[in-house]
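Below is one structure, written out as structure tokens; comments come after it.
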Number of protein chains: 2
Amino acid sequence: MAGPTLRDVAKRANVSIRTVSNVVNGYAPVSDELRARVQAVLDELDYRPNLIARNLKQGRTGMIALVVPELDVPYFAELAREVITAARTRGYVVMIDQTDGDGDRERELLGRDSRATMFDGLVLSPLSVTAEELRGRGNRVPIVLLGEHIFNGSFPHVAIDNVAAARDATDHLLGLGRRRVAAIGDQPYATGETAQLRTAGYRQAHARHGLEVDEALIMPTTHFHRRLGAEAMERLLALPDPPDAVFCYNDLLALGAIRALIRAGRRIPEDVAVVGLDDIEEGQYSTPSLTTVAPDKGEIARRAVDTLLESIRGELGSPPEIVVPHRLIVRESSAGEVRPPD
Amino acid sequence: MAGPTLRDVAKRANVSIRTVSNVVNGYAPVSDELRARVQAVLDELDYRPNLIARNLKQGRTGMIALVVPELDVPYFAELAREVITAARTRGYVVMIDQTDGDGDRERELLGRDSRATMFDGLVLSPLSVTAEELRGRGNRVPIVLLGEHIFNGSFPHVAIDNVAAARDATDHLLGLGRRRVAAIGDQPYATGETAQLRTAGYRQAHARHGLEVDEALIMPTTHFHRRLGAEAMERLLALPDPPDAVFCYNDLLALGAIRALIRAGRRIPEDVAVVGLDDIEEGQYSTPSLTTVAPDKGEIARRAVDTLLESIRGELGSPPEIVVPHRLIVRESSAGEVRPPD
DNA sequence: TGAGGGCTCTGCAACGATGCAGACATCATG
DNA sequence: CATGATGTCTGCATCGTTGCAGAGCCCTCA
């Protein structure tokens, strides 16, 4: 199983290990003749450098880790794709782990036996671990955080402006003349910062329109999954005075809500308009297609990776808080017209 | 940046490096008193073992690589999730790379400068690389293949029975009395083995029902994406004698086809019944929900990882060809009744 | 008393690569 | 001809860890 080492090649070519290394790396002056001879042996033995040894010597692995709650959630899958692409163009590969939103699994990363030391840096999309914990336990490895969960200046951080994004979505619905706009996805507890920011934006939009918020229209959900979106929508429809529009805190909730609306015989958007957030590809092809707020995922990934690499190189001063642009994309679920997918 | 090493701890605790190592690993007899003293220093310095050094010494990294065409394709995202989970329970972490179906990128893996040597093994879902190439170029790293692309006994291999899966799907439609069943997704060229197997199953089902296949109903697509499914469906609807059912070679094609059908004003399944393949979560919540053939993704992942680990341990005889079960899941797109999502 | 056996603990070598300093040969220059 | 510069090539030390062999030490038992 173990392949030939520099030593094996050196012995066979009758040169020093160092010279073989030089040939392999194209370093230093090596005469053409000798280079050719060594290269021949390299080819003959099909030498492959042992990257672990190289890593040890150089103190870096060329690997970063991406930790997300759930990889099969389309938003994270699409984001992971962008992170892998961004890392690749910068010479890095990406190890991906998922925590299932389990705080203990997130904290495992920080523990004594974590494999984090195998990576040059860490891009973390945390759900329940706190900044305190991150700071306290050996942050030997550079970290960049994604999303709003931790936002206290201790770590570099990349996210959209969630308040503005939610405000834009809600504003769009209110601008269409809807007057009972529900919200699905609030998380009024410690680990629900992102959701709370979106609720704040939802309230801001109402305030700007001079409208009261009906608290009964704000539906909390423990997770951002299709099923919970459908269930929340069903509860909303059961209200004495049901909503005529709904802003869902992500696209999956929105797709679940749409499903519930159709099963209940409601027309979208005539009876109820729906807006999501994330712009996952699925929303372009759903029926109806989904109006959504689109974060620039490519930009999130690039900025996160760039910032991480700066941190790895020690070029980072105080941890930047990077805000990435978003934009509203209007589709059938709020516009009513049938347009071809983008 | 660099943390304390065993040497630092040893110096501070006035013991040998080896003893510190023994304490860290719980090896060998160390007196309680000394253990406590060393442990105190370990805690004080917040020592973390350098895993790269450990890996070098032990000749393994505890990492496997998963290479898929596109991580944001739901099937692969869901599969990746299962692979990560399976690997985790066996003490491994997973590096994920994507090739975008680019043959050169797939071949990069095999090249001299590949990072493959950093991993104990490789799970590869190939699109265009051939078995020849895999065999020829330094297969120093144990490999397990997913899907049908390469299936010649050179490598361990995990997949569903694609012919049977396609036959089951088509049979379901024919059994409903449909007589013009189209197929979307054929790939009649060298790298389209999987698609061709599904076409074979489609033909088998027709044969079993004593029916001729109308070749005009077999639509090729270069990729298995929503947009191409929609386009193929549009072409089918433009036929003089359009189909009354369609079997799509994956769920994304099917969801695109559904979208096209709805935009064309066709009723599903009354006018056209639709069946997909993959059972991605999205199909449970689409409108209509999607009848599909579900491969057991968890089983694929577990068998792939187990086989890979056997191979890593050198316990593998001749490369096994593992067939994982699939089952038909009937939903609205072929059944007509509205059922709650699973 | 001294040989033998546990129990602790230690030092050396090694994993496979690279950084560094220098050896050696060749050649140009004063 | 001596000197130094240049161009090639080499050996040693090192990255941080673990495997192995053995060194002390204490105790037991003949």
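Labeling convention for the structure tokens: chains A, B, ... as they appear, residues from 1 per chain, ligands from 1 in order of appearance.
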
Could you work out which residues of chain D fall inside 10 Å of chain A? Count only C-alpha atoms (C1' of nucleotides), and format the result as a PDB file with C-alpha atoms (C1' of nucleotides), in the first residue's frame.
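Result file follows (result38.pdb):
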```pdb
ATOM      1  C1'  DG D   7      26.592  26.372 -10.318  1.00  0.00           C
ATOM      2  C1'  DT D   8      25.422  21.634  -8.547  1.00  0.00           C
ATOM      3  C1'  DC D   9      24.698  18.644  -5.327  1.00  0.00           C
ATOM      4  C1'  DT D  10      24.646  16.682  -0.488  1.00  0.00           C
ATOM      5  C1'  DG D  11      24.049  15.790   4.596  1.00  0.00           C
ATOM      6  C1'  DT D  14      13.952  19.395  12.083  1.00  0.00           C
ATOM      7  C1'  DC D  15       8.571  19.380  12.069  1.00  0.00           C
ATOM      8  C1'  DG D  16       5.658  16.743  16.564  1.00  0.00           C
TER       9       DG D  16
END
```

Based on DSSP run over this structure's backbone, return all residues of segment 102-286 of chain A in helix (DSSP H, G or I), as a compact mmCIF listing (two decimals) with N, CA and C atoms, in the first residue's frame.
```txt
# COMPACT_ATOMS: atom_id res chain seq x y z
N GLY A 103 -25.80 21.46 19.75
CA GLY A 103 -24.79 22.28 20.40
C GLY A 103 -23.57 21.49 20.82
N ASP A 104 -23.80 20.27 21.29
CA ASP A 104 -22.67 19.46 21.72
C ASP A 104 -21.75 19.14 20.55
N ARG A 105 -22.36 18.89 19.40
CA ARG A 105 -21.54 18.61 18.22
C ARG A 105 -20.75 19.84 17.81
N GLU A 106 -21.37 21.00 17.98
CA GLU A 106 -20.64 22.22 17.66
C GLU A 106 -19.48 22.41 18.64
N ARG A 107 -19.75 22.10 19.89
CA ARG A 107 -18.71 22.31 20.90
C ARG A 107 -17.58 21.29 20.76
N GLU A 108 -17.93 20.12 20.23
CA GLU A 108 -16.91 19.11 19.99
C GLU A 108 -15.73 19.68 19.20
N ARG A 115 -10.66 17.44 15.65
CA ARG A 115 -9.73 17.35 14.54
C ARG A 115 -9.44 18.71 13.94
N ALA A 116 -9.92 19.72 14.62
CA ALA A 116 -9.75 21.06 14.06
C ALA A 116 -8.28 21.38 13.78
N THR A 117 -7.38 20.80 14.57
CA THR A 117 -5.97 21.14 14.35
C THR A 117 -5.45 20.61 13.03
N MET A 118 -6.24 19.78 12.38
CA MET A 118 -5.78 19.29 11.08
C MET A 118 -6.05 20.30 9.98
N ALA A 131 -20.37 32.79 21.60
CA ALA A 131 -19.08 33.42 21.38
C ALA A 131 -18.16 33.16 22.56
N GLU A 132 -18.75 33.18 23.75
CA GLU A 132 -17.97 32.89 24.95
C GLU A 132 -17.23 31.57 24.81
N GLU A 133 -18.02 30.57 24.45
CA GLU A 133 -17.44 29.23 24.34
C GLU A 133 -16.35 29.20 23.28
N LEU A 134 -16.63 29.84 22.17
CA LEU A 134 -15.65 29.87 21.10
C LEU A 134 -14.37 30.54 21.57
N ARG A 135 -14.53 31.63 22.29
CA ARG A 135 -13.37 32.38 22.71
C ARG A 135 -12.60 31.62 23.79
N GLY A 136 -13.37 31.04 24.70
CA GLY A 136 -12.74 30.37 25.82
C GLY A 136 -11.87 29.19 25.42
N ASN A 162 -29.70 41.02 7.89
CA ASN A 162 -30.95 40.28 8.04
C ASN A 162 -32.14 41.18 8.32
N VAL A 163 -31.91 42.23 9.06
CA VAL A 163 -33.02 43.15 9.35
C VAL A 163 -33.51 43.77 8.03
N ALA A 164 -32.56 44.26 7.24
CA ALA A 164 -32.94 44.88 5.97
C ALA A 164 -33.59 43.87 5.03
N ALA A 165 -33.06 42.66 5.01
CA ALA A 165 -33.61 41.65 4.12
C ALA A 165 -35.06 41.36 4.47
N ALA A 166 -35.34 41.19 5.76
CA ALA A 166 -36.70 40.91 6.19
C ALA A 166 -37.60 42.12 5.94
N ARG A 167 -37.04 43.29 6.15
CA ARG A 167 -37.81 44.51 5.92
C ARG A 167 -38.18 44.61 4.44
N ASP A 168 -37.24 44.33 3.57
CA ASP A 168 -37.51 44.40 2.13
C ASP A 168 -38.62 43.43 1.74
N ALA A 169 -38.54 42.21 2.28
CA ALA A 169 -39.54 41.20 1.94
C ALA A 169 -40.93 41.65 2.40
N THR A 170 -41.00 42.10 3.64
CA THR A 170 -42.28 42.51 4.21
C THR A 170 -42.81 43.76 3.50
N ASP A 171 -41.90 44.65 3.23
CA ASP A 171 -42.24 45.89 2.54
C ASP A 171 -42.86 45.60 1.17
N HIS A 172 -42.29 44.62 0.51
CA HIS A 172 -42.82 44.21 -0.80
C HIS A 172 -44.28 43.79 -0.68
N LEU A 173 -44.58 43.00 0.35
CA LEU A 173 -45.95 42.51 0.53
C LEU A 173 -46.89 43.66 0.92
N LEU A 174 -46.42 44.49 1.83
CA LEU A 174 -47.26 45.63 2.23
C LEU A 174 -47.47 46.57 1.05
N GLY A 175 -46.44 46.70 0.23
CA GLY A 175 -46.53 47.57 -0.94
C GLY A 175 -47.54 47.06 -1.96
N GLU A 193 -31.04 34.19 17.26
CA GLU A 193 -30.71 35.57 16.87
C GLU A 193 -31.11 35.89 15.43
N THR A 194 -30.77 35.00 14.52
CA THR A 194 -31.06 35.29 13.12
C THR A 194 -32.55 35.52 12.93
N ALA A 195 -33.34 34.61 13.47
CA ALA A 195 -34.79 34.74 13.35
C ALA A 195 -35.26 36.04 13.98
N GLN A 196 -34.68 36.39 15.10
CA GLN A 196 -35.12 37.62 15.78
C GLN A 196 -34.80 38.86 14.95
N LEU A 197 -33.66 38.82 14.27
CA LEU A 197 -33.33 39.96 13.40
C LEU A 197 -34.36 40.08 12.28
N ARG A 198 -34.80 38.93 11.79
CA ARG A 198 -35.78 38.97 10.70
C ARG A 198 -37.13 39.47 11.22
N THR A 199 -37.45 39.07 12.42
CA THR A 199 -38.68 39.60 13.02
C THR A 199 -38.59 41.12 13.18
N ALA A 200 -37.41 41.57 13.56
CA ALA A 200 -37.23 43.02 13.72
C ALA A 200 -37.46 43.73 12.39
N GLY A 201 -36.94 43.15 11.32
CA GLY A 201 -37.14 43.75 10.00
C GLY A 201 -38.61 43.76 9.62
N TYR A 202 -39.27 42.68 9.94
CA TYR A 202 -40.71 42.56 9.68
C TYR A 202 -41.47 43.68 10.40
N ARG A 203 -41.08 43.91 11.65
CA ARG A 203 -41.73 44.99 12.40
C ARG A 203 -41.40 46.36 11.81
N GLN A 204 -40.15 46.54 11.43
CA GLN A 204 -39.74 47.82 10.86
C GLN A 204 -40.58 48.17 9.64
N ALA A 205 -40.80 47.17 8.79
CA ALA A 205 -41.57 47.43 7.57
C ALA A 205 -42.98 47.89 7.93
N HIS A 206 -43.56 47.23 8.92
CA HIS A 206 -44.90 47.64 9.35
C HIS A 206 -44.88 49.08 9.85
N ALA A 207 -43.87 49.37 10.67
CA ALA A 207 -43.78 50.71 11.23
C ALA A 207 -43.68 51.75 10.12
N ARG A 208 -42.90 51.45 9.13
CA ARG A 208 -42.73 52.42 8.04
C ARG A 208 -44.03 52.66 7.29
N GLU A 215 -49.72 40.40 16.66
CA GLU A 215 -48.77 39.42 17.20
C GLU A 215 -49.20 37.98 16.90
N ALA A 216 -50.49 37.80 16.70
CA ALA A 216 -50.98 36.45 16.41
C ALA A 216 -50.50 35.95 15.06
N LEU A 217 -50.03 36.87 14.23
CA LEU A 217 -49.58 36.48 12.89
C LEU A 217 -48.10 36.09 12.86
N ARG A 226 -39.43 22.42 5.65
CA ARG A 226 -40.69 22.44 4.91
C ARG A 226 -41.88 22.08 5.79
N ARG A 227 -41.73 20.99 6.53
CA ARG A 227 -42.87 20.49 7.28
C ARG A 227 -43.38 21.52 8.28
N LEU A 228 -42.43 22.19 8.94
CA LEU A 228 -42.83 23.17 9.94
C LEU A 228 -43.48 24.38 9.28
N GLY A 229 -43.04 24.70 8.06
CA GLY A 229 -43.68 25.79 7.34
C GLY A 229 -45.12 25.45 7.02
N ALA A 230 -45.33 24.21 6.62
CA ALA A 230 -46.69 23.78 6.30
C ALA A 230 -47.57 23.81 7.55
N GLU A 231 -47.03 23.32 8.65
CA GLU A 231 -47.82 23.29 9.88
C GLU A 231 -48.17 24.70 10.36
N ALA A 232 -47.18 25.58 10.29
CA ALA A 232 -47.44 26.95 10.72
C ALA A 232 -48.51 27.59 9.84
N MET A 233 -48.43 27.32 8.56
CA MET A 233 -49.42 27.88 7.64
C MET A 233 -50.81 27.37 7.97
N GLU A 234 -50.90 26.09 8.30
CA GLU A 234 -52.20 25.54 8.65
C GLU A 234 -52.78 26.24 9.89
N ARG A 235 -51.93 26.50 10.84
CA ARG A 235 -52.41 27.19 12.03
C ARG A 235 -52.87 28.61 11.67
N LEU A 236 -52.13 29.25 10.79
CA LEU A 236 -52.52 30.60 10.39
C LEU A 236 -53.88 30.60 9.68
N LEU A 237 -54.09 29.58 8.86
CA LEU A 237 -55.35 29.51 8.12
C LEU A 237 -56.53 29.26 9.06
N ASP A 251 -36.68 29.84 2.50
CA ASP A 251 -37.45 29.31 1.37
C ASP A 251 -38.11 27.98 1.70
N LEU A 252 -37.48 27.16 2.51
CA LEU A 252 -38.08 25.87 2.82
C LEU A 252 -39.39 26.05 3.57
N LEU A 253 -39.40 26.94 4.55
CA LEU A 253 -40.65 27.25 5.25
C LEU A 253 -41.69 27.72 4.24
N ALA A 254 -41.25 28.56 3.30
CA ALA A 254 -42.18 29.11 2.31
C ALA A 254 -42.74 28.01 1.42
N LEU A 255 -41.89 27.07 1.02
CA LEU A 255 -42.36 25.99 0.15
C LEU A 255 -43.33 25.10 0.91
N GLY A 256 -43.07 24.90 2.19
CA GLY A 256 -44.02 24.15 3.01
C GLY A 256 -45.33 24.90 3.14
N ALA A 257 -45.24 26.20 3.32
CA ALA A 257 -46.45 27.02 3.44
C ALA A 257 -47.27 26.98 2.15
N ILE A 258 -46.58 27.04 1.03
CA ILE A 258 -47.26 26.99 -0.27
C ILE A 258 -48.02 25.67 -0.40
N ARG A 259 -47.32 24.62 -0.01
CA ARG A 259 -47.95 23.31 -0.06
C ARG A 259 -49.24 23.28 0.78
N ALA A 260 -49.17 23.83 1.95
CA ALA A 260 -50.34 23.85 2.84
C ALA A 260 -51.46 24.71 2.24
N LEU A 261 -51.08 25.82 1.65
CA LEU A 261 -52.08 26.70 1.04
C LEU A 261 -52.81 26.00 -0.10
N ILE A 262 -52.05 25.32 -0.94
CA ILE A 262 -52.67 24.63 -2.07
C ILE A 262 -53.61 23.54 -1.59
N ARG A 263 -53.15 22.79 -0.58
CA ARG A 263 -54.00 21.72 -0.07
C ARG A 263 -55.28 22.29 0.54
N GLU A 282 -34.64 25.54 -6.02
CA GLU A 282 -35.95 24.92 -6.00
C GLU A 282 -37.08 25.94 -6.17
N GLY A 283 -36.89 27.11 -5.59
CA GLY A 283 -37.93 28.13 -5.65
C GLY A 283 -38.19 28.67 -7.05
N GLN A 284 -37.26 28.48 -7.95
CA GLN A 284 -37.46 28.93 -9.33
C GLN A 284 -38.41 28.00 -10.06
N TYR A 285 -38.48 26.75 -9.61
CA TYR A 285 -39.23 25.74 -10.35
C TYR A 285 -40.46 25.26 -9.61
```

Task: Atomic distance atom C1' of DG4 of chain D - atom CA of Glu33 of chain A, expressed in Å with one decimal - done: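 Distance reported for this atom pair: 27.0 Å.
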
Residues of chain A within 6 Å of chain B: nearest atom pair and distance (Å, one decimal) for each, counting only C-alpha atoms, sorted by chain and number, as a tab-separated table?
```
residue	atom	partner	partner_atom	distance
A:Leu51	CA	B:Met118	CA	5.8
A:Ile52	CA	B:Leu56	CA	5.8
A:Ala53	CA	B:Leu56	CA	5.9
A:Leu56	CA	B:Ile52	CA	5.8
A:Leu71	CA	B:Arg81	CA	5.8
A:Asp72	CA	B:Glu78	CA	4.9
A:Ala77	CA	B:Asp72	CA	4.9
A:Glu78	CA	B:Asp72	CA	4.9
A:Arg81	CA	B:Leu71	CA	5.8
A:Val94	CA	B:Met95	CA	5.8
A:Met95	CA	B:Met95	CA	3.9
A:Ile96	CA	B:Met95	CA	5.9
A:Met118	CA	B:Leu51	CA	5.8
```

Open item on the list: Select, as a PyMOL selection string, those residues of chain C with any atom no more than 8 Å from chain B (distances computed using only C-alpha atoms (C1' of nucleotides)).
Closed with: chain C and resi 7-10+15-16

TODO: To one decimal in Å, tell me the separation between atom CA of Val330 of chain B and atom CA of Thr221 of chain A.
DONE: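 Going from atom CA of Val330 of chain B over to atom CA of Thr221 of chain A, I get 29.2 Å.
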
- [ ] Work out how far atom CA of Ile184 of chain B is from atom CA of Ser334 of chain B, in Å to one decimal.
- [x] 15.9 Å

- [ ] Write down as a PyMOL selection string the residues of segment 58-228 of chain A whose backbone DSSP state falls under strand (DSSP E).
- [x] chain A and resi 63-68+93-98+121-124+143-146+157-160+181-186+218-220

TODO: Give me the residues within 9 Å of Gln39 of chain B as a ChimeraX atom specification, counting only C-alpha atoms (C1' of nucleotides) and dropping any in the same chain fewer than 6 places off.
DONE: /B:20,23-24

Open item on the list: Please determine, counting only C-alpha atoms, which residue among B:Thr89, B:Thr191, B:Thr222, B:Thr292 has the shortest atom-to-atom distance to Ser333 of chain B.
Closed with: B:Thr292

- [ ] Find the spatial neighbours of Ser318 of chain B, counting only C-alpha atoms (C1' of nucleotides), within a cut-off of 10 Å - ignore same-chain residues fewer than 3 positions away - and output them as a list in words.
- [x]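 Surrounding residues, per the criterion: Gly153, Ser154, Phe155, Pro156, Glu315 and Glu321 of chain B.
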